[in-house]
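Q: This is the content of start-v5.cif (mmCIF, C-alpha atoms):
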data_coords
#
loop_
_atom_site.label_atom_id
_atom_site.label_comp_id
_atom_site.auth_asym_id
_atom_site.auth_seq_id
_atom_site.Cartn_x
_atom_site.Cartn_y
_atom_site.Cartn_z
CA VAL A 1 0.00 0.00 0.00
CA VAL A 2 2.85 2.40 0.90
CA ASN A 3 4.63 1.60 -2.36
CA LEU A 4 1.47 2.18 -4.40
CA LEU A 5 0.87 5.46 -2.58
CA GLY A 6 4.45 6.56 -3.25
CA ILE A 7 4.18 5.65 -6.94
CA SER A 8 0.85 7.52 -7.23
CA ILE A 9 2.30 10.67 -5.66
CA THR A 10 5.39 10.47 -7.90
CA VAL A 11 3.25 10.06 -11.04
CA LEU A 12 0.96 12.92 -9.99
CA PHE A 13 3.88 15.25 -9.28
CA THR A 14 5.51 14.32 -12.61
CA LEU A 15 2.28 15.10 -14.48
CA LEU A 16 1.98 18.42 -12.65
CA LEU A 17 5.57 19.28 -13.47
CA VAL A 18 5.38 18.33 -17.16
CA PHE A 19 1.90 19.57 -18.08
CA ILE A 20 1.37 22.55 -15.74
CA ILE A 21 4.41 23.92 -13.91
CA VAL A 22 6.96 23.80 -16.76
CA PRO A 23 4.53 25.30 -19.33
CA ALA A 24 3.69 28.01 -16.77
CA ILE A 25 7.38 28.86 -16.38
CA PHE A 26 7.79 29.40 -20.13
CA GLY A 27 4.33 30.90 -20.66
CA VAL A 28 3.10 28.24 -23.08
CA SER A 29 -0.01 26.06 -23.15
CA PHE A 30 -0.76 22.64 -24.59
CA GLY A 31 -4.40 23.59 -25.22
CA ILE A 32 -5.76 21.09 -22.68
CA ARG A 33 -7.83 23.75 -20.88
CA LYS A 34 -9.50 24.87 -24.13
CA VAL A 35 -10.50 21.30 -24.97
CA TYR A 36 -11.81 20.99 -21.40
CA MET A 37 -13.85 24.20 -21.84
CA LYS A 38 -15.39 23.07 -25.15
CA THR A 39 -16.35 19.72 -23.61
CA LEU A 40 -18.03 21.47 -20.69
CA LEU A 41 -20.00 23.73 -23.05
CA LYS A 42 -21.44 20.73 -24.86
CA ILE A 43 -22.41 19.10 -21.56
CA PHE A 44 -24.06 22.33 -20.33
CA GLN A 45 -26.05 22.66 -23.56
CA TRP A 46 -27.31 19.08 -23.27
CA ALA A 47 -28.20 19.51 -19.57
CA THR A 48 -30.08 22.77 -20.24
CA LEU A 49 -32.08 21.27 -23.12
CA ARG A 50 -32.89 18.22 -20.98
CA ILE A 51 -34.12 20.46 -18.13
CA GLU A 52 -36.31 22.52 -20.48
CA ARG A 53 -37.79 19.39 -22.04
CA GLY A 54 -38.38 17.80 -18.63
CA ALA A 55 -39.98 20.98 -17.29
CA LYS A 56 -42.43 21.06 -20.21
CA GLU A 57 -43.33 17.39 -19.68
CA LYS A 58 -44.06 17.96 -15.97
CA ASN A 59 -45.53 21.47 -16.41
CA HIS A 60 -42.86 23.03 -14.19
CA PRO A 61 -42.26 26.78 -14.71
CA LEU A 62 -38.78 27.60 -15.95
CA TYR A 63 -36.81 30.29 -14.15
CA LYS A 64 -35.60 33.02 -16.49
CA PRO A 65 -33.66 35.95 -15.02
CA TYR A 66 -34.49 39.50 -16.02
CA VAL A 67 -31.24 40.52 -17.68
CA ASN A 68 -32.25 44.16 -18.26
CA GLY A 69 -34.32 44.60 -15.10
CA ILE A 70 -37.95 43.94 -14.33
CA ILE A 71 -39.16 47.49 -14.97
CA ALA A 72 -38.87 49.25 -18.32
CA LYS A 73 -37.42 52.71 -17.71
CA GLU A 74 -37.05 55.56 -20.18
CA PRO A 75 -34.35 58.21 -19.74
CA THR A 76 -36.56 61.23 -18.97
CA SER A 77 -36.05 64.15 -16.61
CA LEU A 78 -37.98 64.94 -13.43
CA GLU A 79 -39.55 68.01 -15.04
CA GLU A 80 -40.75 66.11 -18.13
CA GLU A 81 -42.35 63.33 -16.09
CA ILE A 82 -44.15 65.70 -13.72
CA LYS A 83 -45.43 67.67 -16.74
CA GLU A 84 -46.86 64.47 -18.17
CA ILE A 85 -48.55 63.58 -14.85
CA ARG A 86 -50.12 67.03 -14.63
CA ARG A 87 -51.39 66.91 -18.21
CA SER A 88 -52.95 63.47 -17.78
CA GLY A 89 -54.43 64.35 -14.38
CA SER A 90 -55.70 67.91 -14.41
CA GLY A 91 -54.91 68.96 -17.94
CA LYS A 92 -52.65 71.72 -16.59
CA ALA A 93 -49.21 72.34 -17.98
CA LEU A 94 -46.23 73.73 -16.17
CA ASP A 95 -46.82 77.26 -17.38
CA THR A 96 -46.65 78.86 -13.96
CA PRO A 97 -44.49 77.53 -11.11
CA GLU A 98 -46.86 76.13 -8.53
CA PHE A 99 -47.33 73.01 -6.45
CA GLU A 100 -49.77 70.35 -7.62
CA LEU A 101 -50.94 67.54 -5.37
CA SER A 102 -50.50 65.10 -8.27
CA ASP A 103 -46.71 65.72 -8.14
CA ILE A 104 -46.42 63.29 -5.23
CA PHE A 105 -47.30 60.42 -7.58
CA TYR A 106 -43.98 60.89 -9.38
CA PHE A 107 -41.99 60.44 -6.17
CA CYS A 108 -44.18 57.53 -5.02
CA ARG A 109 -43.65 55.74 -8.32
CA LYS A 110 -39.90 56.34 -8.29
CA GLY A 111 -39.68 55.04 -4.74
CA ILE A 112 -41.58 51.84 -5.55
CA GLU A 113 -39.52 51.30 -8.71
CA THR A 114 -36.31 51.63 -6.70
CA ILE A 115 -37.51 49.12 -4.11
CA MET A 116 -38.60 46.61 -6.76
CA ASP A 117 -35.67 47.04 -9.16
CA ASP A 118 -32.75 48.63 -7.34
CA GLU A 119 -29.94 49.02 -9.87
CA VAL A 120 -27.31 49.30 -7.11
CA THR A 121 -28.09 46.48 -4.68
CA LYS A 122 -28.37 43.85 -7.39
CA ARG A 123 -24.79 44.64 -8.46
CA PHE A 124 -23.60 43.04 -5.21
CA SER A 125 -25.19 39.62 -5.69
CA ALA A 126 -24.16 36.76 -7.98
CA GLU A 127 -24.96 37.21 -11.66
CA GLU A 128 -27.95 35.05 -12.60
CA LEU A 129 -27.64 32.51 -15.40
CA GLU A 130 -30.17 31.55 -18.04
CA SER A 131 -28.76 28.02 -18.36
CA TRP A 132 -27.65 25.43 -15.81
CA ASN A 133 -23.93 24.69 -15.50
CA LEU A 134 -24.23 21.64 -13.20
CA LEU A 135 -23.39 23.78 -10.16
CA SER A 136 -26.46 23.64 -7.93
CA ARG A 137 -25.81 27.13 -6.54
CA THR A 138 -26.38 28.72 -9.98
CA ASN A 139 -29.86 27.31 -10.53
CA TYR A 140 -32.62 28.52 -8.20
CA ASN A 141 -35.35 26.09 -9.22
CA PHE A 142 -33.58 22.81 -9.96
CA GLN A 143 -35.93 19.88 -9.63
CA TYR A 144 -35.50 16.21 -10.35
CA ILE A 145 -35.83 15.69 -14.10
CA SER A 146 -34.20 12.38 -14.96
CA LEU A 147 -31.83 9.77 -13.56
CA ARG A 148 -29.17 10.52 -16.18
CA LEU A 149 -29.14 14.23 -15.32
CA THR A 150 -28.89 13.50 -11.58
CA VAL A 151 -26.07 10.99 -12.12
CA LEU A 152 -24.24 13.54 -14.29
CA TRP A 153 -24.55 16.18 -11.56
CA GLY A 154 -23.27 13.69 -8.93
CA LEU A 155 -20.35 12.76 -11.17
CA GLY A 156 -19.55 16.45 -11.52
CA VAL A 157 -19.47 16.85 -7.72
CA LEU A 158 -17.00 13.95 -7.43
CA ILE A 159 -14.76 15.39 -10.16
CA ARG A 160 -14.76 18.89 -8.70
CA TYR A 161 -14.22 17.95 -5.05
CA CYS A 162 -12.18 14.74 -5.30
CA PHE A 163 -9.96 15.51 -8.32
CA LEU A 164 -9.93 19.22 -9.21
CA LEU A 165 -9.90 20.59 -5.65
CA PRO A 166 -6.80 18.63 -4.42
CA LEU A 167 -5.02 19.36 -7.72
CA ARG A 168 -5.75 23.08 -7.48
CA ILE A 169 -4.72 23.29 -3.82
CA ALA A 170 -1.40 21.62 -4.69
CA LEU A 171 -0.82 24.09 -7.54
CA ALA A 172 -1.77 27.10 -5.41
CA PHE A 173 0.59 25.96 -2.64
CA THR A 174 3.36 25.49 -5.23
CA GLY A 175 2.81 28.92 -6.77
CA ILE A 176 2.69 30.78 -3.43
CA SER A 177 5.73 28.91 -2.06
CA LEU A 178 7.77 29.70 -5.17
CA LEU A 179 6.65 33.35 -5.04
CA VAL A 180 7.76 33.79 -1.41
CA THR A 181 11.01 31.87 -1.91
CA GLY A 182 11.89 33.39 -5.28
CA THR A 183 11.22 37.03 -4.35
CA THR A 184 13.09 36.63 -1.06
CA VAL A 185 16.17 35.28 -2.85
CA VAL A 186 16.00 37.93 -5.59
CA GLY A 187 15.65 40.61 -2.90
CA TYR A 188 19.21 39.95 -1.71
CA LEU A 189 20.66 40.78 -5.14
CA PRO A 190 22.04 44.28 -5.77
CA ASN A 191 19.80 46.66 -7.68
CA GLY A 192 20.29 46.49 -11.41
CA ARG A 193 19.09 44.93 -14.63
CA CYS A 194 19.80 41.39 -13.44
CA LYS A 195 17.61 41.82 -10.34
CA GLU A 196 14.82 43.44 -12.37
CA PHE A 197 14.94 40.65 -14.98
CA LEU A 198 14.82 37.88 -12.38
CA SER A 199 12.11 39.61 -10.35
CA LYS A 200 9.91 40.01 -13.41
CA HIS A 201 10.18 36.37 -14.44
CA VAL A 202 9.74 35.04 -10.89
CA HIS A 203 6.52 37.06 -10.55
CA LEU A 204 5.23 35.99 -13.97
CA MET A 205 6.07 32.31 -13.36
CA CYS A 206 4.35 32.19 -9.96
CA TYR A 207 1.25 34.08 -11.09
CA ARG A 208 0.89 31.77 -14.09
CA ILE A 209 1.04 28.74 -11.80
CA CYS A 210 -1.65 30.34 -9.59
CA VAL A 211 -3.78 30.99 -12.70
CA ARG A 212 -3.56 27.30 -13.55
CA ALA A 213 -4.59 26.52 -9.96
CA LEU A 214 -7.97 28.04 -10.88
CA THR A 215 -8.08 26.41 -14.32
CA ALA A 216 -8.27 29.94 -15.65
CA ILE A 217 -8.72 30.35 -19.41
CA ILE A 218 -7.85 33.95 -20.25
CA THR A 219 -8.03 35.69 -23.62
CA TYR A 220 -5.95 38.86 -23.89
CA HIS A 221 -6.85 41.44 -26.55
CA ASP A 222 -4.79 44.35 -27.96
CA ARG A 223 -1.58 43.52 -26.12
CA GLU A 224 0.18 46.40 -27.84
CA ASN A 225 -1.69 48.68 -25.39
CA ARG A 226 -0.29 46.98 -22.29
CA PRO A 227 0.66 49.42 -19.48
CA ARG A 228 4.18 50.84 -19.52
CA ASN A 229 6.56 52.14 -16.88
CA GLY A 230 5.65 55.41 -15.24
CA GLY A 231 1.90 54.96 -15.81
CA ILE A 232 -1.17 53.81 -13.90
CA CYS A 233 -3.18 50.74 -14.90
CA VAL A 234 -6.86 50.99 -13.87
CA ALA A 235 -9.39 48.18 -14.26
CA ASN A 236 -12.91 47.25 -13.20
CA HIS A 237 -13.00 45.06 -10.10
CA THR A 238 -14.90 41.78 -9.78
CA SER A 239 -12.69 39.55 -7.68
CA PRO A 240 -9.40 39.45 -5.73
CA ILE A 241 -8.06 37.24 -8.53
CA ASP A 242 -8.20 40.23 -10.89
CA VAL A 243 -4.65 40.88 -9.71
CA ILE A 244 -3.52 37.38 -10.74
CA ILE A 245 -5.34 37.62 -14.07
CA LEU A 246 -3.50 40.82 -15.02
CA ALA A 247 -0.14 40.02 -13.38
CA SER A 248 0.16 36.74 -15.28
CA ASP A 249 0.49 38.78 -18.49
CA GLY A 250 2.35 41.85 -17.24
CA TYR A 251 4.63 43.18 -14.53
CA TYR A 252 3.04 45.65 -12.10
CA ALA A 253 3.70 47.46 -8.86
CA MET A 254 0.84 46.71 -6.48
CA VAL A 255 -0.82 49.26 -4.22
CA GLY A 256 -2.54 48.11 -1.07
CA GLN A 257 -2.80 47.88 2.68
CA ILE A 258 -0.30 45.90 4.74
CA HIS A 259 -1.82 42.68 6.10
CA GLY A 260 -0.81 40.16 8.70
CA GLY A 261 -0.62 36.37 8.53
CA LEU A 262 0.13 34.60 5.26
CA MET A 263 -0.75 37.67 3.17
CA GLY A 264 1.73 39.72 5.19
CA VAL A 265 4.49 37.16 4.57
CA ILE A 266 3.81 37.32 0.83
CA GLN A 267 3.78 41.14 0.83
CA ARG A 268 7.08 41.40 2.72
CA ALA A 269 8.72 38.94 0.32
CA MET A 270 7.38 40.68 -2.80
CA VAL A 271 8.49 44.15 -1.78
CA LYS A 272 12.09 42.94 -1.45
CA ALA A 273 12.24 42.15 -5.16
CA CYS A 274 9.90 44.81 -6.58
CA PRO A 275 8.99 48.38 -5.50
CA HIS A 276 5.37 47.73 -4.50
CA VAL A 277 3.53 50.48 -2.59
CA TRP A 278 2.19 49.12 0.70
CA PHE A 279 0.43 51.28 3.31
CA GLU A 280 -0.20 50.90 7.01
CA ARG A 281 -3.86 50.80 8.08
CA SER A 282 -3.63 54.35 9.49
CA GLU A 283 -2.05 55.67 6.27
CA VAL A 284 -4.77 54.27 3.97
CA LYS A 285 -7.30 56.69 5.49
CA ASP A 286 -5.08 59.63 4.53
CA ARG A 287 -6.03 60.12 0.87
CA HIS A 288 -3.44 62.85 0.31
CA LEU A 289 -0.62 60.65 1.64
CA VAL A 290 -1.64 57.79 -0.64
CA ALA A 291 -1.79 60.14 -3.65
CA LYS A 292 1.60 61.61 -2.75
CA ARG A 293 3.25 58.17 -2.54
CA CYS A 294 1.71 57.10 -5.85
CA ASP A 295 2.70 60.38 -7.51
CA LYS A 296 6.29 59.93 -6.36
CA HIS A 297 6.28 56.41 -7.81
CA VAL A 298 4.99 57.37 -11.27
CA GLN A 299 7.35 60.35 -11.55
CA ASP A 300 10.18 57.83 -11.92
CA LYS A 301 9.69 56.56 -15.49
CA SER A 302 11.91 53.56 -14.77
CA LYS A 303 9.48 52.17 -12.19
CA LEU A 304 6.72 49.71 -12.98
CA PRO A 305 3.15 50.82 -13.75
CA ILE A 306 0.90 50.91 -10.69
CA LEU A 307 -2.12 48.59 -10.72
CA ILE A 308 -5.22 50.18 -9.16
CA PHE A 309 -8.92 49.25 -8.99
CA PRO A 310 -10.63 52.66 -8.56
CA GLU A 311 -14.07 51.23 -7.68
CA GLY A 312 -12.70 50.24 -4.29
CA THR A 313 -14.95 47.17 -4.00
CA CYS A 314 -15.97 44.11 -6.00
CA ILE A 315 -18.92 44.44 -8.42
CA ASN A 316 -20.71 41.40 -9.85
CA ASN A 317 -19.30 41.57 -13.39
CA THR A 318 -22.41 43.19 -14.87
CA SER A 319 -21.49 46.85 -14.45
CA VAL A 320 -18.84 49.43 -13.59
CA MET A 321 -19.53 51.77 -10.68
CA MET A 322 -18.05 55.13 -9.70
CA PHE A 323 -14.26 55.45 -9.92
CA LYS A 324 -12.61 57.19 -6.96
CA LYS A 325 -10.91 60.34 -8.25
CA GLY A 326 -7.61 59.91 -6.33
CA SER A 327 -5.94 57.86 -9.07
CA PHE A 328 -6.82 60.49 -11.66
CA GLU A 329 -5.51 63.52 -9.77
CA ILE A 330 -1.88 62.43 -10.12
CA GLY A 331 -1.52 63.49 -13.75
CA ALA A 332 0.15 60.33 -15.04
CA THR A 333 -0.80 58.43 -18.18
CA VAL A 334 -3.70 56.07 -17.47
CA TYR A 335 -3.88 52.64 -19.11
CA PRO A 336 -7.51 51.38 -18.90
CA VAL A 337 -8.16 47.63 -18.81
CA ALA A 338 -11.56 45.93 -19.11
CA ILE A 339 -12.08 42.49 -17.53
CA LYS A 340 -15.15 40.41 -18.30
CA TYR A 341 -15.74 36.96 -16.79
CA ASP A 342 -17.88 34.22 -18.31
CA PRO A 343 -20.16 33.02 -15.46
CA GLN A 344 -21.09 29.78 -17.24
CA PHE A 345 -18.10 27.95 -15.79
CA GLY A 346 -17.93 29.56 -12.35
CA ASP A 347 -18.86 32.80 -10.64
CA ALA A 348 -15.73 34.88 -9.99
CA PHE A 349 -17.57 37.63 -8.08
CA TRP A 350 -16.61 37.94 -4.41
CA ASN A 351 -19.55 38.96 -2.25
CA SER A 352 -17.43 39.94 0.75
CA SER A 353 -20.48 40.77 2.88
CA LYS A 354 -21.72 37.18 2.49
CA TYR A 355 -18.57 35.01 2.17
CA GLY A 356 -15.22 35.14 3.91
CA MET A 357 -12.01 34.74 1.92
CA VAL A 358 -11.61 31.02 2.75
CA THR A 359 -15.20 30.21 1.72
CA TYR A 360 -14.81 32.27 -1.44
CA LEU A 361 -11.59 30.49 -2.45
CA LEU A 362 -13.26 27.13 -1.80
CA ARG A 363 -16.13 28.10 -4.11
CA MET A 364 -13.64 29.22 -6.75
CA MET A 365 -11.58 26.04 -6.55
CA THR A 366 -14.65 23.82 -6.77
CA SER A 367 -16.01 25.58 -9.85
CA TRP A 368 -15.44 24.14 -13.30
CA ALA A 369 -13.09 26.88 -14.46
CA ILE A 370 -12.54 30.64 -14.53
CA VAL A 371 -12.99 31.96 -18.06
CA CYS A 372 -12.49 35.63 -18.83
CA SER A 373 -11.48 38.16 -21.49
CA VAL A 374 -9.09 41.07 -20.91
CA TRP A 375 -8.97 44.12 -23.18
CA TYR A 376 -6.06 46.58 -23.05
CA LEU A 377 -7.42 49.96 -24.11
CA PRO A 378 -5.32 52.77 -25.63
CA PRO A 379 -3.64 55.01 -23.01
CA MET A 380 -5.56 58.08 -21.88
CA THR A 381 -4.38 61.40 -20.44
CA ARG A 382 -6.24 64.14 -18.64
CA GLN A 383 -7.35 66.98 -20.90
CA PRO A 384 -6.64 70.61 -19.91
CA GLU A 385 -10.36 71.40 -19.44
CA GLU A 386 -11.09 68.24 -17.42
CA ASP A 387 -11.07 67.89 -13.65
CA ALA A 388 -10.22 64.57 -11.95
CA VAL A 389 -13.87 63.47 -11.70
CA GLN A 390 -14.57 64.06 -15.39
CA PHE A 391 -11.40 62.23 -16.37
CA ALA A 392 -12.34 59.29 -14.12
CA ASN A 393 -15.81 59.12 -15.68
CA ARG A 394 -14.34 59.18 -19.20
CA VAL A 395 -12.02 56.27 -18.40
CA LYS A 396 -14.86 54.37 -16.69
CA SER A 397 -17.13 54.80 -19.72
CA ALA A 398 -14.43 53.46 -22.04
CA ILE A 399 -13.95 50.37 -19.85
CA ALA A 400 -17.72 49.74 -19.60
CA ARG A 401 -18.19 50.13 -23.35
CA GLN A 402 -15.37 47.71 -24.21
CA GLY A 403 -16.35 45.09 -21.62
CA GLY A 404 -20.07 45.21 -22.40
CA LEU A 405 -20.82 46.42 -18.86
CA VAL A 406 -23.43 48.85 -17.54
CA ASP A 407 -21.95 52.27 -16.76
CA LEU A 408 -23.29 53.45 -13.38
CA LEU A 409 -22.59 56.71 -11.54
CA TRP A 410 -23.31 55.22 -8.09
CA ASP A 411 -20.54 54.81 -5.52
CA GLY A 412 -19.60 51.19 -4.74
CA GLY A 413 -19.39 52.25 -1.09
CA LEU A 414 -23.20 51.92 -0.99
CA LYS A 415 -22.51 48.20 -0.57
CA ARG A 416 -22.00 48.88 3.14
CA GLU A 417 -23.16 52.47 3.67
CA LYS A 418 -26.40 54.41 3.40
CA VAL A 419 -27.09 56.86 0.60
CA LYS A 420 -25.54 60.24 1.32
CA ASP A 421 -27.86 63.12 2.12
CA THR A 422 -26.43 65.04 -0.85
CA PHE A 423 -28.19 62.63 -3.26
CA LYS A 424 -31.53 63.35 -1.61
CA GLU A 425 -30.82 67.07 -1.60
CA GLU A 426 -30.13 67.02 -5.36
CA GLN A 427 -33.66 65.73 -6.03
CA GLN A 428 -35.11 68.29 -3.63
CA LYS A 429 -33.21 71.09 -5.40
CA LEU A 430 -34.44 69.98 -8.82
CA TYR A 431 -38.06 70.00 -7.66
CA SER A 432 -37.71 73.29 -5.78
CA LYS A 433 -36.35 74.94 -8.96
CA MET A 434 -39.54 73.86 -10.74
CA ILE A 435 -41.77 75.29 -8.03
CA VAL A 436 -39.89 78.39 -6.93
CA GLY A 437 -37.87 78.99 -10.09
CA ASN A 438 -34.13 79.47 -10.53
#
Turn the structure described in the file into C-alpha cells.
A:
Amino acid sequence: VVNLLGISITVLFTLLLVFIIVPAIFGVSFGIRKVYMKTLLKIFQWATLRIERGAKEKNHPLYKPYVNGIIAKEPTSLEEEIKEIRRSGSGKALDTPEFELSDIFYFCRKGIETIMDDEVTKRFSAEELESWNLLSRTNYNFQYISLRLTVLWGLGVLIRYCFLLPLRIALAFTGISLLVTGTTVVGYLPNGRCKEFLSKHVHLMCYRICVRALTAIITYHDRENRPRNGGICVANHTSPIDVIILASDGYYAMVGQIHGGLMGVIQRAMVKACPHVWFERSEVKDRHLVAKRCDKHVQDKSKLPILIFPEGTCINNTSVMMFKKGSFEIGATVYPVAIKYDPQFGDAFWNSSKYGMVTYLLRMMTSWAIVCSVWYLPPMTRQPEEDAVQFANRVKSAIARQGGLVDLLWDGGLKREKVKDTFKEEQQKLYSKMIVGN
C-alpha cells in the first residue's frame, strides 16, 4: 500500500511538473484547458435542453432571469415626467411655477420602482444565469428531471471535489511557495538589470502557476496597449483574482494595505524584489498621503506601472460603478483595462459581505473553471479642461463600453453604507427649482 501510494504521488507530481508547472514557467499552453472548456460547453447545452424538455413534460415553470431589469425605464427628466402627470391628471401644464398635489405620484412611483428594481443592490449579488452549469448554486429552481441528469450532476461533484480541488490546492501551494522563496532570494541581489529581470520572471512564473490553480482560461486582446513604466493601470473590479489575471500577463507594482498572517508574509517577500507600494492601516485613510506616494512612484519613469482598482470594492461583473478620483488627480498616463468573466463555468464575483475569503476560495476552486477576457485599451491622459472626476468618468465609460458592462454613476461604497444626504438634496433642489424657479 505504501509503495502504491508513493508511486501515485510520484506520477501525480511528474504530471503536474510536465503539463502545468513547466509550461507556466515558459508561458506556453498545450491547449488542454480549451478542450476541457469546449467539452463542458457541450455538456451544459445538453443539460439545459434536458431540463427545459423535462420541465415542459411535468408542467414546471422555468426560471428566467431578467437581464435588463424587471421594470422598463425611459431616460426622462424629473420636469418632463411631472409635466406628463399634470397633463394626464388635471390637464394643466407647467406654465406657472406652482405646487400640484399630483406631483407626489412621481416620487411615489420612483420610490416603488427603486424598491422593486434597485440598480445598485443587485450589483452586489451573484450574476444570474439563463442556463444550468451543473453547479447547484447557480440554478434557483432545480428539480428532479431524470436519472441521467442527476447521475451527471453527482459525477460532476466527485470530479470537482475529489480531483480538481486537491489538484488546485497543490498548484496554489506550489505557486505561493515559489513566489515567497523566489522574491526573497531575488531581494538579496544588488539593484540592477539582473535583479529586475529575475524579479519580473519570478513574478510571472508564480502568477501563471496560480492561474492554472484556478483552471483559468484567459483571452488577452490588444496587447500592444499593455501598461508601460511610469503609468497607472486601472481596471474594473470583480474579484481578488483580478490581480492574478492581469499580473500573469504583465509586470506591475501593487498598491494596497499591509496585512498580517500569510498575506503579510507574501507582501514582505514581494516588496524585497519589486517596488510595491504598501500602506499601514492608518495611512490608507489619509487620501493625500496615498496620492503623494503614488505620484512619487509614477514620476520615476523607470518604475513599474501601478495597478489600481478605482471602484474600491468588488462588483458582480455586470457593471462598472463610480471610480474614486484619487488615481486620476496624479496626472500620469492612465492605461484602462476591461475584464469580463464568463459566469457559465464559475462565478468569480466575491460577495465579501456574504462570504469570507476562505469560503470564497473554496467556491472558486470547486467551480469548473474561470474563463475571462481582458482588453487593453489605448492610453488616456487628462485633458486641460477636465477635472479629476470628469477624467475618471471618461475612463470608466471606455472600460464599460469595451467590456459590455453597464456604466453606473453610483458609488460602490453603498454596498456597506447608506445613501448620502447630498443625493436626496439634489432631487429636492431639482423639484424646488420647478416650483420656486431658478
Q: Nearest residue to Val371 of chain A out of A:Tyr220, A:Phe163, A:Phe423, A:Phe99, using all atoms listed in the file?
A: A:Tyr220
Q: Using all atoms listed in the file, pick whichever of A:Thr313, A:Ser146, A:Ser199, A:Thr366 has the shortest atom-to-atom distance to Arg123 of chain A.
A: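 Nearest to Arg123 of chain A: A:Thr313.
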Q: Residue by residue, what does the PyMOL selection byres ((chain A and resi 246) around 12) grab here? Present the result as a VMD selection string.
A: chain A and resid 203 to 204 207 to 208 210 to 211 216 218 to 220 223 226 to 227 233 to 237 239 to 245 247 to 254 306 to 309 336 to 339 372 to 376
Q: Residue by residue, what does the PyMOL selection byres ((chain A and resi 346) around 8) grab here? Present the result as a list in words.
A: Asp342, Pro343, Gln344, Phe345, Asp347, Ala348, Met364, Ser367, Trp368, Ala369, Ile370 and Val371 of chain A
Q: Can you spit out the residues from that selection as a PDB file, in the coordinates of the input, using C-alpha atoms?
A:
ATOM      1  CA  ASP A 342     -17.880  34.220 -18.310  1.00  0.00           C
ATOM      2  CA  PRO A 343     -20.160  33.020 -15.460  1.00  0.00           C
ATOM      3  CA  GLN A 344     -21.090  29.780 -17.240  1.00  0.00           C
ATOM      4  CA  PHE A 345     -18.100  27.950 -15.790  1.00  0.00           C
ATOM      5  CA  ASP A 347     -18.860  32.800 -10.640  1.00  0.00           C
ATOM      6  CA  ALA A 348     -15.730  34.880  -9.990  1.00  0.00           C
ATOM      7  CA  MET A 364     -13.640  29.220  -6.750  1.00  0.00           C
ATOM      8  CA  SER A 367     -16.010  25.580  -9.850  1.00  0.00           C
ATOM      9  CA  TRP A 368     -15.440  24.140 -13.300  1.00  0.00           C
ATOM     10  CA  ALA A 369     -13.090  26.880 -14.460  1.00  0.00           C
ATOM     11  CA  ILE A 370     -12.540  30.640 -14.530  1.00  0.00           C
ATOM     12  CA  VAL A 371     -12.990  31.960 -18.060  1.00  0.00           C
TER      13      VAL A 371
END
Q: Quick one: distance from atom CA of Val151 of chain A to atom CA of Trp132 of chain A in Å, one decimal?
A: 15.0 Å
Q: On this structure, which residues satisfy the PyMOL selection byres ((chain A and resi 261-276) around 9), written as a PyMOL selection string?
A: chain A and resi 176+179-189+195-196+198-200+203+252-256+258-260+277-278+297+303-304+306
Q: Go ahead and dump the residues you just picked, C-alpha atoms, as a PDB file, in the coordinates of the input.
A:
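Saved to result-v4.pdb:
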ATOM      1  CA  ILE A 176       2.690  30.780  -3.430  1.00  0.00           C
ATOM      2  CA  LEU A 179       6.650  33.350  -5.040  1.00  0.00           C
ATOM      3  CA  VAL A 180       7.760  33.790  -1.410  1.00  0.00           C
ATOM      4  CA  THR A 181      11.010  31.870  -1.910  1.00  0.00           C
ATOM      5  CA  GLY A 182      11.890  33.390  -5.280  1.00  0.00           C
ATOM      6  CA  THR A 183      11.220  37.030  -4.350  1.00  0.00           C
ATOM      7  CA  THR A 184      13.090  36.630  -1.060  1.00  0.00           C
ATOM      8  CA  VAL A 185      16.170  35.280  -2.850  1.00  0.00           C
ATOM      9  CA  VAL A 186      16.000  37.930  -5.590  1.00  0.00           C
ATOM     10  CA  GLY A 187      15.650  40.610  -2.900  1.00  0.00           C
ATOM     11  CA  TYR A 188      19.210  39.950  -1.710  1.00  0.00           C
ATOM     12  CA  LEU A 189      20.660  40.780  -5.140  1.00  0.00           C
ATOM     13  CA  LYS A 195      17.610  41.820 -10.340  1.00  0.00           C
ATOM     14  CA  GLU A 196      14.820  43.440 -12.370  1.00  0.00           C
ATOM     15  CA  LEU A 198      14.820  37.880 -12.380  1.00  0.00           C
ATOM     16  CA  SER A 199      12.110  39.610 -10.350  1.00  0.00           C
ATOM     17  CA  LYS A 200       9.910  40.010 -13.410  1.00  0.00           C
ATOM     18  CA  HIS A 203       6.520  37.060 -10.550  1.00  0.00           C
ATOM     19  CA  TYR A 252       3.040  45.650 -12.100  1.00  0.00           C
ATOM     20  CA  ALA A 253       3.700  47.460  -8.860  1.00  0.00           C
ATOM     21  CA  MET A 254       0.840  46.710  -6.480  1.00  0.00           C
ATOM     22  CA  VAL A 255      -0.820  49.260  -4.220  1.00  0.00           C
ATOM     23  CA  GLY A 256      -2.540  48.110  -1.070  1.00  0.00           C
ATOM     24  CA  ILE A 258      -0.300  45.900   4.740  1.00  0.00           C
ATOM     25  CA  HIS A 259      -1.820  42.680   6.100  1.00  0.00           C
ATOM     26  CA  GLY A 260      -0.810  40.160   8.700  1.00  0.00           C
ATOM     27  CA  VAL A 277       3.530  50.480  -2.590  1.00  0.00           C
ATOM     28  CA  TRP A 278       2.190  49.120   0.700  1.00  0.00           C
ATOM     29  CA  HIS A 297       6.280  56.410  -7.810  1.00  0.00           C
ATOM     30  CA  LYS A 303       9.480  52.170 -12.190  1.00  0.00           C
ATOM     31  CA  LEU A 304       6.720  49.710 -12.980  1.00  0.00           C
ATOM     32  CA  ILE A 306       0.900  50.910 -10.690  1.00  0.00           C
TER      33      ILE A 306
END
Q: Select, from A:Ile112, A:Leu15, A:Val395, A:Leu134, the residue with the minimum atom-to-atom distance to Thr48 of chain A, counting all atoms listed in the file.
A: A:Leu134
Q: Provide the atom CA of Pro378 of chain A to atom CA of Glu119 of chain A distance in Å, to one decimal place.
A: 29.5 Å
Q: How many Å separate atom CA of Phe44 of chain A from atom CA of Val406 of chain A?
A: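 Spanning atom CA of Phe44 of chain A to atom CA of Val406 of chain A is a straight-line distance of 26.7 Å.
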Q: Looking at A:Thr422, A:Thr215, A:Gln427, A:Gln402, which one is nearest to Ser319 of chain A, with distances taken over all atoms listed in the file?
A: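 Closest candidate: A:Gln402.
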Q: Determine, counting all atoms listed in the file, which protein, DNA and RNA residues have an atom within 12 Å of an atom of Gly326 of chain A; residues of the same chain fewer than 3 positions away are not included. Present the result as JSON, numbers by chain.
A: {"A": [232, 234, 286, 287, 288, 289, 290, 291, 292, 293, 294, 295, 308, 309, 310, 311, 312, 322, 323, 329, 330, 331, 332, 387, 388, 389, 391, 392]}
